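One file, final-v7.txt, is given below (compact mmCIF, C-alpha atoms and all ligand atoms).
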```txt
# COMPACT_ATOMS: atom_id res chain seq x y z
CA MET I 1 -35.50 -0.84 5.58
CA LEU I 2 -31.95 0.17 4.61
CA VAL I 3 -33.14 2.17 1.64
CA THR I 4 -35.80 3.99 3.68
CA GLU I 5 -33.30 4.72 6.42
CA LEU I 6 -30.83 6.08 3.89
CA LYS I 7 -33.43 8.42 2.37
CA LYS I 8 -34.05 9.94 5.79
CA ARG I 9 -30.38 10.88 6.07
CA ASN I 10 -30.66 13.19 3.10
CA LEU I 11 -27.09 12.73 1.89
CA PRO I 12 -25.39 14.94 -0.68
CA PRO I 13 -24.87 13.08 -3.98
CA ILE I 14 -21.30 12.05 -4.78
CA PRO I 15 -19.59 14.29 -7.36
CA ALA I 16 -16.76 13.22 -9.70
CA ARG I 17 -13.83 11.61 -7.85
CA ASP I 18 -11.42 14.57 -8.08
CA GLU I 19 -14.03 16.96 -6.78
CA ALA I 20 -14.95 14.61 -3.91
CA ILE I 21 -11.31 14.21 -2.85
CA ASP I 22 -10.67 17.93 -3.11
CA LEU I 23 -13.59 18.81 -0.87
CA LEU I 24 -12.83 16.06 1.67
CA CYS I 25 -9.25 17.33 1.93
CA ARG I 26 -10.16 20.99 2.07
CA GLU I 27 -12.94 20.65 4.65
CA GLU I 28 -12.10 17.54 6.66
CA TYR I 29 -8.64 15.93 6.57
CA GLY I 30 -6.48 18.68 5.08
CA TYR I 31 -4.50 18.22 1.87
CA LEU I 32 -1.99 15.39 1.97
CA PRO I 33 1.67 16.44 2.03
CA PRO I 34 3.31 16.53 -1.42
CA THR I 35 4.83 13.44 -2.99
CA PRO I 36 8.53 13.55 -2.03
CA ASP I 37 10.97 15.00 -4.55
CA ALA I 38 13.09 11.91 -3.97
CA ILE I 39 12.83 8.79 -1.82
CA SER I 40 15.40 6.17 -0.86
CA PHE I 41 15.26 3.08 1.31
CA ALA I 42 17.86 1.61 3.68
CA VAL I 43 17.25 -2.10 4.23
CA GLU I 44 18.27 -4.10 7.30
CA ARG I 45 17.64 -7.76 6.54
CA ASN I 46 16.37 -10.50 8.84
CA VAL I 47 15.82 -8.47 11.96
CA ILE I 48 13.92 -11.38 13.53
CA ARG I 49 15.70 -14.71 13.15
CA SER I 50 13.78 -17.86 12.09
CA PHE I 51 10.49 -16.00 11.97
CA CYS I 52 7.50 -18.38 11.63
CA ALA I 53 9.92 -21.34 11.58
CA GLY I 54 11.48 -19.99 8.41
CA ALA I 55 8.19 -19.43 6.55
CA ALA I 56 8.90 -15.70 6.43
CA THR I 57 11.65 -13.12 6.70
CA VAL I 58 11.35 -9.77 8.43
CA ASP I 59 13.30 -6.74 7.15
CA ARG I 60 13.40 -3.31 8.69
CA ILE I 61 13.36 -0.49 6.17
CA THR I 62 14.06 3.18 6.71
CA ALA I 63 12.42 5.42 4.12
CA SER I 64 14.15 8.77 3.58
CA CYS I 65 12.02 11.33 1.79
CA VAL I 66 13.31 14.61 0.39
CA ILE I 67 10.66 17.32 0.62
CA GLY I 68 11.88 20.64 -0.77
CA GLU I 69 14.88 21.75 1.28
CA THR I 70 14.28 19.28 4.08
CA SER I 71 14.00 15.55 4.54
CA PHE I 72 12.04 13.13 6.66
CA SER I 73 12.72 9.49 7.59
CA PHE I 74 10.61 6.79 9.17
CA PRO I 75 10.96 3.03 9.70
CA PHE I 76 8.67 0.20 8.62
CA TYR I 77 8.75 -3.59 8.60
CA VAL I 78 8.40 -6.00 5.70
CA THR I 79 7.32 -9.55 6.46
CA LEU I 80 7.75 -11.68 3.35
CA PRO I 81 6.81 -15.31 2.75
CA THR I 82 9.94 -17.29 1.85
CA LYS I 83 7.87 -19.37 -0.60
CA GLU I 84 8.58 -18.57 -4.27
CA GLY I 85 6.11 -16.49 -6.23
CA LYS I 86 4.41 -13.11 -6.31
CA HIS I 87 2.62 -12.41 -3.08
CA PRO I 88 -0.48 -10.32 -2.48
CA PHE I 89 0.19 -7.95 0.41
CA PHE I 90 -1.18 -5.79 3.17
CA VAL I 91 0.03 -2.32 4.00
CA MET I 92 -0.92 -2.30 7.66
CA ILE I 93 -1.05 1.08 9.39
CA ASN I 94 -0.59 0.09 12.99
CA PHE I 95 -0.51 1.51 16.51
CA ARG I 96 2.79 -0.17 17.32
CA ARG I 97 5.95 -1.35 15.56
CA ASP I 98 5.55 -4.92 16.80
CA VAL I 99 5.70 -7.85 14.38
CA PRO I 100 3.53 -9.75 15.19
CA ASP I 101 1.16 -7.52 17.11
CA ARG I 102 -2.14 -7.99 18.88
CA TYR I 103 -3.85 -6.36 15.88
CA MET I 104 -1.67 -8.22 13.35
CA PRO I 105 -1.40 -12.04 13.47
CA SER I 106 1.65 -12.17 11.19
CA GLU I 107 2.03 -15.95 11.08
CA GLU I 108 -1.56 -16.48 9.98
CA LEU I 109 -1.27 -13.79 7.35
CA ILE I 110 1.88 -15.43 5.99
CA ASP I 111 0.17 -18.84 6.05
CA SER I 112 -2.68 -17.33 4.02
CA GLY I 113 -0.11 -16.33 1.38
CA PHE I 114 0.15 -12.61 2.14
CA ALA I 115 3.19 -10.43 2.72
CA VAL I 116 2.76 -7.61 5.24
CA LEU I 117 4.33 -4.16 5.21
CA SER I 118 3.59 -2.47 8.51
CA PHE I 119 4.51 0.70 10.34
CA SER I 120 3.71 2.43 13.58
CA TYR I 121 1.83 5.67 13.06
CA THR I 122 3.68 7.56 15.78
CA ASP I 123 6.95 6.96 13.90
CA VAL I 124 5.48 9.38 11.34
CA THR I 125 4.26 12.03 13.76
CA SER I 126 2.85 12.01 17.27
CA ASP I 127 -0.84 11.37 17.89
CA ASP I 128 -1.48 14.71 19.57
CA GLY I 129 -1.71 18.42 18.88
CA ASP I 130 2.06 18.91 18.59
CA PHE I 131 2.82 19.86 14.99
CA THR I 132 6.54 20.34 15.55
CA ASN I 133 7.69 16.70 15.48
CA GLY I 134 8.24 14.09 12.75
CA LEU I 135 6.62 14.77 9.40
CA ALA I 136 4.54 17.60 10.92
CA GLY I 137 7.74 19.36 12.01
CA VAL I 138 9.13 19.11 8.48
CA LEU I 139 5.95 20.51 6.94
CA TYR I 140 5.30 23.22 9.50
CA PRO I 141 8.68 24.31 10.93
CA ASP I 142 7.05 26.70 13.40
CA GLY I 143 4.34 24.16 14.29
CA VAL I 144 1.59 26.34 12.85
CA ARG I 145 -0.60 25.21 9.95
CA GLY I 146 -3.21 26.83 7.74
CA SER I 147 -6.92 26.00 7.82
CA ARG I 148 -6.75 23.41 5.04
CA ASP I 149 -3.32 21.96 5.76
CA ALA I 150 -2.88 18.28 6.60
CA GLY I 151 -4.02 16.97 9.94
CA LYS I 152 -2.42 13.89 11.44
CA ILE I 153 -4.64 11.38 9.58
CA ALA I 154 -3.55 12.87 6.23
CA MET I 155 0.09 12.53 7.31
CA TRP I 156 -0.31 8.88 8.31
CA ALA I 157 -2.07 8.23 4.97
CA TRP I 158 0.85 9.85 3.15
CA ALA I 159 3.22 7.49 4.98
CA ALA I 160 1.21 4.45 3.83
CA GLN I 161 1.74 5.71 0.28
CA ARG I 162 5.51 5.87 0.88
CA VAL I 163 5.42 2.25 2.02
CA MET I 164 3.67 1.54 -1.28
CA ASP I 165 6.59 3.27 -3.04
CA TYR I 166 8.84 0.62 -1.52
CA ALA I 167 6.44 -2.22 -2.42
CA GLU I 168 6.77 -1.14 -6.03
CA THR I 169 10.50 -1.90 -5.90
CA LEU I 170 9.97 -5.55 -4.87
CA ASP I 171 9.61 -8.19 -7.59
CA CYS I 172 8.14 -10.72 -5.19
CA LEU I 173 4.97 -8.66 -4.56
CA ASP I 174 1.82 -8.84 -6.65
CA LEU I 175 1.11 -5.14 -7.17
CA SER I 176 -2.37 -5.90 -8.51
CA CYS I 177 -3.34 -7.20 -5.05
CA SER I 178 -2.33 -4.53 -2.55
CA VAL I 179 -4.55 -3.96 0.48
CA VAL I 180 -4.21 -0.94 2.74
CA CYS I 181 -5.78 -1.53 6.14
CA GLY I 182 -6.09 -0.20 9.66
CA HIS I 183 -8.23 -0.10 12.75
CA SER I 184 -10.25 2.79 14.18
CA ARG I 185 -8.40 6.11 13.62
CA LEU I 186 -6.10 4.10 11.38
CA GLY I 187 -9.10 2.67 9.53
CA LYS I 188 -10.05 6.26 8.70
CA THR I 189 -6.43 6.65 7.57
CA ALA I 190 -6.55 3.53 5.36
CA LEU I 191 -9.66 4.81 3.56
CA LEU I 192 -8.06 8.19 2.93
CA ALA I 193 -4.81 6.56 1.72
CA ALA I 194 -6.73 4.44 -0.82
CA ALA I 195 -9.07 7.24 -1.88
CA THR I 196 -6.10 9.44 -2.78
CA ASP I 197 -3.81 6.77 -4.31
CA GLU I 198 -5.00 4.45 -7.05
CA ARG I 199 -2.09 2.08 -6.56
CA PHE I 200 -4.03 0.45 -3.70
CA ALA I 201 -6.27 -2.23 -5.18
CA TYR I 202 -8.16 -2.72 -1.90
CA ALA I 203 -8.87 -0.80 1.27
CA TYR I 204 -10.07 -2.25 4.56
CA SER I 205 -11.48 -0.15 7.35
CA ASN I 206 -11.94 -1.85 10.72
CA ASP I 207 -14.33 -0.13 13.14
CA SER I 208 -13.37 3.29 11.78
CA GLY I 209 -16.68 4.96 12.67
CA CYS I 210 -17.00 8.74 12.89
CA SER I 211 -15.15 10.61 10.12
CA GLY I 212 -14.17 7.21 8.74
CA ALA I 213 -16.51 4.70 7.14
CA ALA I 214 -19.66 5.84 9.00
CA ILE I 215 -22.14 8.28 7.57
CA THR I 216 -22.20 11.40 9.72
CA ARG I 217 -25.79 12.50 9.20
CA GLY I 218 -28.03 10.81 11.77
CA LYS I 219 -25.10 8.90 13.27
CA GLU I 220 -25.27 7.46 16.78
CA GLY I 221 -22.37 7.42 19.23
CA GLU I 222 -19.48 9.70 18.31
CA ARG I 223 -20.41 12.94 16.52
CA VAL I 224 -18.34 15.67 14.84
CA ARG I 225 -18.44 17.64 18.11
CA ASP I 226 -16.96 14.73 20.10
CA ILE I 227 -14.19 13.95 17.65
CA CYS I 228 -13.28 17.60 17.00
CA GLN I 229 -13.06 18.36 20.69
CA ARG I 230 -10.96 15.32 21.60
CA PHE I 231 -8.89 14.96 18.45
CA PRO I 232 -8.90 18.28 16.54
CA TYR I 233 -5.38 17.54 15.26
CA TRP I 234 -6.53 14.45 13.29
CA PHE I 235 -8.22 16.82 10.84
CA CYS I 236 -7.69 20.17 9.21
CA GLU I 237 -8.90 23.23 11.06
CA ASN I 238 -11.78 23.74 8.64
CA TYR I 239 -13.49 20.62 10.00
CA GLN I 240 -14.30 22.48 13.22
CA LYS I 241 -16.90 24.44 11.25
CA TYR I 242 -19.16 21.44 11.21
CA ILE I 243 -19.51 20.95 14.96
CA ASP I 244 -23.29 20.73 15.50
CA ARG I 245 -23.76 21.65 11.83
CA GLU I 246 -23.46 18.20 10.30
CA ASP I 247 -26.50 18.66 8.10
CA GLU I 248 -24.73 21.60 6.45
CA MET I 249 -21.66 19.61 5.50
CA PRO I 250 -21.37 19.70 1.70
CA PHE I 251 -20.08 16.09 1.84
CA ASP I 252 -20.52 12.97 3.93
CA GLN I 253 -18.40 9.89 4.51
CA HIS I 254 -19.85 7.86 1.64
CA TRP I 255 -17.81 10.20 -0.58
CA LEU I 256 -14.63 8.79 0.93
CA ILE I 257 -15.63 5.20 0.12
CA GLY I 258 -16.94 6.32 -3.27
CA ALA I 259 -13.54 7.88 -4.10
CA ILE I 260 -12.05 4.37 -4.01
CA ALA I 261 -14.33 3.19 -6.88
CA PRO I 262 -14.00 1.07 -8.96
CA ARG I 263 -11.42 -0.56 -6.68
CA SER I 264 -12.59 -2.84 -3.88
CA VAL I 265 -13.21 -1.76 -0.34
CA CYS I 266 -14.36 -3.71 2.71
CA VAL I 267 -15.79 -2.26 5.90
CA GLY I 268 -15.75 -4.22 9.17
CA SER I 269 -17.98 -3.33 12.13
CA ALA I 270 -18.51 -4.86 15.59
CA THR I 271 -21.91 -5.27 17.26
CA GLU I 272 -20.92 -3.65 20.55
CA ASP I 273 -19.03 -0.77 18.99
CA ARG I 274 -21.91 1.68 19.34
CA TRP I 275 -19.50 4.63 19.42
CA ALA I 276 -18.52 3.82 15.80
CA ASP I 277 -22.16 2.90 14.91
CA PRO I 278 -22.30 -0.24 12.73
CA HIS I 279 -25.58 0.87 11.12
CA ALA I 280 -24.04 4.15 9.98
CA GLU I 281 -21.11 2.16 8.54
CA GLN I 282 -23.38 -0.18 6.60
CA LEU I 283 -25.51 2.70 5.31
CA SER I 284 -22.36 4.41 4.09
CA CYS I 285 -21.47 1.32 2.02
CA LEU I 286 -24.90 1.41 0.43
CA ALA I 287 -24.72 5.15 -0.24
CA ALA I 288 -21.21 4.89 -1.77
CA SER I 289 -22.54 2.40 -4.33
CA GLU I 290 -23.63 5.32 -6.48
CA ALA I 291 -19.97 5.99 -7.39
CA TYR I 292 -19.42 2.34 -8.34
CA GLU I 293 -22.58 2.07 -10.43
CA ARG I 294 -21.54 5.12 -12.36
CA LEU I 295 -18.41 3.21 -13.37
CA GLY I 296 -20.44 0.13 -14.33
CA ARG I 297 -19.62 -1.84 -11.16
CA GLN I 298 -21.76 -3.08 -8.32
CA GLY I 299 -21.06 -1.38 -5.00
CA PHE I 300 -22.70 -2.83 -1.89
CA VAL I 301 -24.93 -5.86 -2.54
CA GLY I 302 -26.67 -7.08 0.57
CA GLY I 303 -30.43 -6.92 0.58
CA ASN I 304 -32.39 -4.31 2.39
CA ALA I 305 -31.80 -5.13 6.07
CA PHE I 306 -29.11 -4.30 8.59
CA ALA I 307 -26.58 -7.12 9.04
CA VAL I 308 -27.01 -9.54 11.90
CA GLU I 309 -24.06 -10.65 14.00
CA GLY I 310 -21.59 -12.76 11.99
CA GLU I 311 -23.02 -11.75 8.63
CA SER I 312 -20.88 -10.72 5.62
CA PHE I 313 -21.91 -9.20 2.30
CA PHE I 314 -19.13 -9.79 -0.22
CA GLU I 315 -20.93 -9.89 -3.54
CA GLY I 316 -20.19 -6.37 -4.83
CA GLN I 317 -17.02 -4.28 -4.88
CA ILE I 318 -17.96 -2.87 -1.47
CA GLY I 319 -17.88 -5.59 1.17
CA TYR I 320 -19.25 -5.35 4.69
CA HIS I 321 -19.06 -7.66 7.70
CA LEU I 322 -20.38 -7.47 11.24
CA ARG I 323 -18.50 -9.26 14.02
CA ARG I 324 -19.82 -9.88 17.51
CA GLY I 325 -18.03 -7.97 20.24
CA LEU I 326 -16.12 -4.81 21.03
CA HIS I 327 -13.91 -2.25 19.29
CA TYR I 328 -10.85 -4.32 18.27
CA PHE I 329 -8.98 -5.60 15.20
CA SER I 330 -9.45 -9.31 15.78
CA ARG I 331 -8.39 -12.51 14.02
CA HIS I 332 -11.99 -12.87 12.91
CA ASP I 333 -11.79 -9.49 11.17
CA TRP I 334 -8.61 -10.59 9.36
CA HIS I 335 -10.27 -13.86 8.30
CA ARG I 336 -13.21 -11.97 6.84
CA LEU I 337 -10.88 -9.51 5.08
CA ILE I 338 -8.84 -12.36 3.56
CA ALA I 339 -12.05 -14.10 2.44
CA PHE I 340 -13.21 -10.87 0.77
CA VAL I 341 -9.90 -10.32 -1.04
CA GLN I 342 -9.68 -13.94 -2.17
CA ARG I 343 -13.23 -13.85 -3.47
CA LYS I 344 -12.62 -10.65 -5.48
CA GLU I 345 -9.33 -12.07 -6.84
CA ASN I 346 -11.12 -15.26 -7.97
CA GLU I 347 -13.78 -13.18 -9.68
CA LYS I 348 -11.06 -11.17 -11.45
CA ASN I 349 -9.34 -14.34 -12.63
CA LYS I 350 -12.59 -15.77 -14.03
CA LYS I 351 -13.13 -12.77 -16.28
C1 LIG P 1 -11.95 6.82 19.76
C2 LIG P 1 -12.33 7.81 18.73
C3 LIG P 1 -12.76 7.09 17.51
C4 LIG P 1 -11.76 6.02 17.12
C5 LIG P 1 -10.97 5.46 18.27
C6 LIG P 1 -9.58 4.91 18.00
O1 LIG P 1 -11.81 7.31 21.02
O2 LIG P 1 -13.28 8.62 19.26
O3 LIG P 1 -13.04 7.98 16.47
O4 LIG P 1 -11.00 6.40 16.05
O5 LIG P 1 -10.75 6.32 19.28
O6 LIG P 1 -8.89 5.29 17.09
O7 LIG P 1 -9.18 4.08 18.79
```

How would this structure read if it were set down as structure tokens?
Amino acid sequence: MLVTELKKRNLPPIPARDEAIDLLCREEYGYLPPTPDAISFAVERNVIRSFCAGAATVDRITASCVIGETSFSFPFYVTLPTKEGKHPFFVMINFRRDVPDRYMPSEELIDSGFAVLSFSYTDVTSDDGDFTNGLAGVLYPDGVRGSRDAGKIAMWAWAAQRVMDYAETLDCLDLSCSVVCGHSRLGKTALLAAATDERFAYAYSNDSGCSGAAITRGKEGERVRDICQRFPYWFCENYQKYIDREDEMPFDQHWLIGAIAPRSVCVGSATEDRWADPHAEQLSCLAASEAYERLGRQGFVGGNAFAVEGESFFEGQIGYHLRRGLHYFSRHDWHRLIAFVQRKENEKNKK
């Protein structure tokens, strides 16, 4: 069933990784801003006292990035287990600064052994068509950008990579187990961050849907027209070309997942999130497998049927799970993500 359905979608085959990333940036997200010429971090320790009864500390960091003649700063939060050892960690691209947050159950994540580095996306640049503030203002001083310049998603992805720059300075983090994650528009962002930066060992997209994990061709719910009309600023201007011309796109979203190969990626969907289209997300996982197989790895392994509620497929390097319910980043999603990461880490250790 899955295989037949995929054939009907008539997807373009995935080219070599560099070519895939180049086309996705040029035609969809815009090119990510350049790596800063210099970066420094100001650290404010213990901004929340006795967090998790002393099981974790929370520091507030300000990253200052020099870009050409200008500079740009943004804050993020580092929640570290106080237990000795090297900790696997999440880079959580979030909607708010809060620690914990309704999309981020910090105490449970700490109890599962993970550190969490989180930031609020609007501290990077506003979620609207104003290109004069934050990072956008630094890149485009007059607020005007070219047709292939970064949209807001590319800027938020760049910021996740700066948080990774800081992670690299911490001895207590296990750099071989870094997971970049986010929900919805920030799930799209997490996939782009991992596709364009090999330092991320894992990516997790939660309910990212259209222009995220979901295949565009034949997709239900949100289409390129909907997303480009409501959120044109998430993308580069070139993406507008594909409104009602999705079959002419030289790429599709399985390229984005494929660009993460051979690293691990997990996609979470929710049964009632028809706007994101769980089927299109699962099909994308299957279609992206091509890039993994080329590198001698298994991509999506999960039989030939669409997932039923509560089902997870974690055997290959591309995981997929389907939760019951609405568009949300829930505790259940985190539990499935942790189970996926732990399983892949155990497999690595057995080799
Ligand atoms: C929706 C949007 C989706 C999704 C979501 C979100 O309205 O159409 O693509 O990203 O917002 O980010 O919450």

Closest-contact table, chain I side, partner ligand LIG 1 (chain P), 9 Å, counting all atoms listed in the file, as CSV:
```
residue,atom,partner,partner_atom,distance
I:His183,CA,P:LIG1,O6,7.0
I:Ser184,CA,P:LIG1,O6,4.1
I:Arg185,CA,P:LIG1,O4,3.6
I:Leu186,CA,P:LIG1,O6,6.5
I:Gly187,CA,P:LIG1,O4,7.7
I:Lys188,CA,P:LIG1,O4,7.4
I:Asp207,CA,P:LIG1,C4,7.8
I:Ser208,CA,P:LIG1,O4,5.8
I:Gly209,CA,P:LIG1,O3,6.1
I:Cys210,CA,P:LIG1,O3,5.4
I:Ser211,CA,P:LIG1,O3,7.2
I:Gly212,CA,P:LIG1,O3,7.9
I:Glu222,CA,P:LIG1,O2,6.4
I:Arg223,CA,P:LIG1,O2,8.8
I:Asp226,CA,P:LIG1,O2,7.2
I:Ile227,CA,P:LIG1,O2,5.6
I:Arg230,CA,P:LIG1,O2,7.5
I:Phe231,CA,P:LIG1,O2,7.8
I:Trp275,CA,P:LIG1,O2,7.4
I:Ala276,CA,P:LIG1,C3,6.8
I:His327,CA,P:LIG1,O7,7.9
I:Tyr328,CA,P:LIG1,O7,8.6
```

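Checking I:Val66, I:Ile257, I:Ala270, I:Val78 one by one against Val116 of chain I, counting all atoms listed in the file, you find the shortest gap at I:Val78.
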
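When all atoms listed in the file are used to measure the gap to Pro75 of chain I, the shortest distance among I:Arg324, I:Arg148, I:Arg162, I:Lys7 belongs to I:Arg162.
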
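Coordinates place atom CA of Leu117 of chain I at a distance of 14.7 Å from atom CA of Thr82 of chain I.
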
Distance query Tyr103 of chain I at most 12 Å, only C-alpha atoms, self and fewer than 6 positions along chain excluded, as a PyMOL selection string: chain I and resi 92-97+109+118+120+181-184+186+206+327-334

Can you write out the residues you just picked, keeping C-alpha atoms, as a PDB file, in the coordinates of the input?
```
ATOM      1  CA  MET I  92      -0.920  -2.300   7.660  1.00  0.00           C
ATOM      2  CA  ILE I  93      -1.050   1.080   9.390  1.00  0.00           C
ATOM      3  CA  ASN I  94      -0.590   0.090  12.990  1.00  0.00           C
ATOM      4  CA  PHE I  95      -0.510   1.510  16.510  1.00  0.00           C
ATOM      5  CA  ARG I  96       2.790  -0.170  17.320  1.00  0.00           C
ATOM      6  CA  ARG I  97       5.950  -1.350  15.560  1.00  0.00           C
ATOM      7  CA  LEU I 109      -1.270 -13.790   7.350  1.00  0.00           C
ATOM      8  CA  SER I 118       3.590  -2.470   8.510  1.00  0.00           C
ATOM      9  CA  SER I 120       3.710   2.430  13.580  1.00  0.00           C
ATOM     10  CA  CYS I 181      -5.780  -1.530   6.140  1.00  0.00           C
ATOM     11  CA  GLY I 182      -6.090  -0.200   9.660  1.00  0.00           C
ATOM     12  CA  HIS I 183      -8.230  -0.100  12.750  1.00  0.00           C
ATOM     13  CA  SER I 184     -10.250   2.790  14.180  1.00  0.00           C
ATOM     14  CA  LEU I 186      -6.100   4.100  11.380  1.00  0.00           C
ATOM     15  CA  ASN I 206     -11.940  -1.850  10.720  1.00  0.00           C
ATOM     16  CA  HIS I 327     -13.910  -2.250  19.290  1.00  0.00           C
ATOM     17  CA  TYR I 328     -10.850  -4.320  18.270  1.00  0.00           C
ATOM     18  CA  PHE I 329      -8.980  -5.600  15.200  1.00  0.00           C
ATOM     19  CA  SER I 330      -9.450  -9.310  15.780  1.00  0.00           C
ATOM     20  CA  ARG I 331      -8.390 -12.510  14.020  1.00  0.00           C
ATOM     21  CA  HIS I 332     -11.990 -12.870  12.910  1.00  0.00           C
ATOM     22  CA  ASP I 333     -11.790  -9.490  11.170  1.00  0.00           C
ATOM     23  CA  TRP I 334      -8.610 -10.590   9.360  1.00  0.00           C
TER      24      TRP I 334
END
```

Atom CA of Tyr204 of chain I to atom CA of Leu191 of chain I: how many Å, to one decimal? 7.1 Å

In Å to one decimal, how far is atom CA of Val144 of chain I from atom CA of Tyr31 of chain I? 15.0 Å
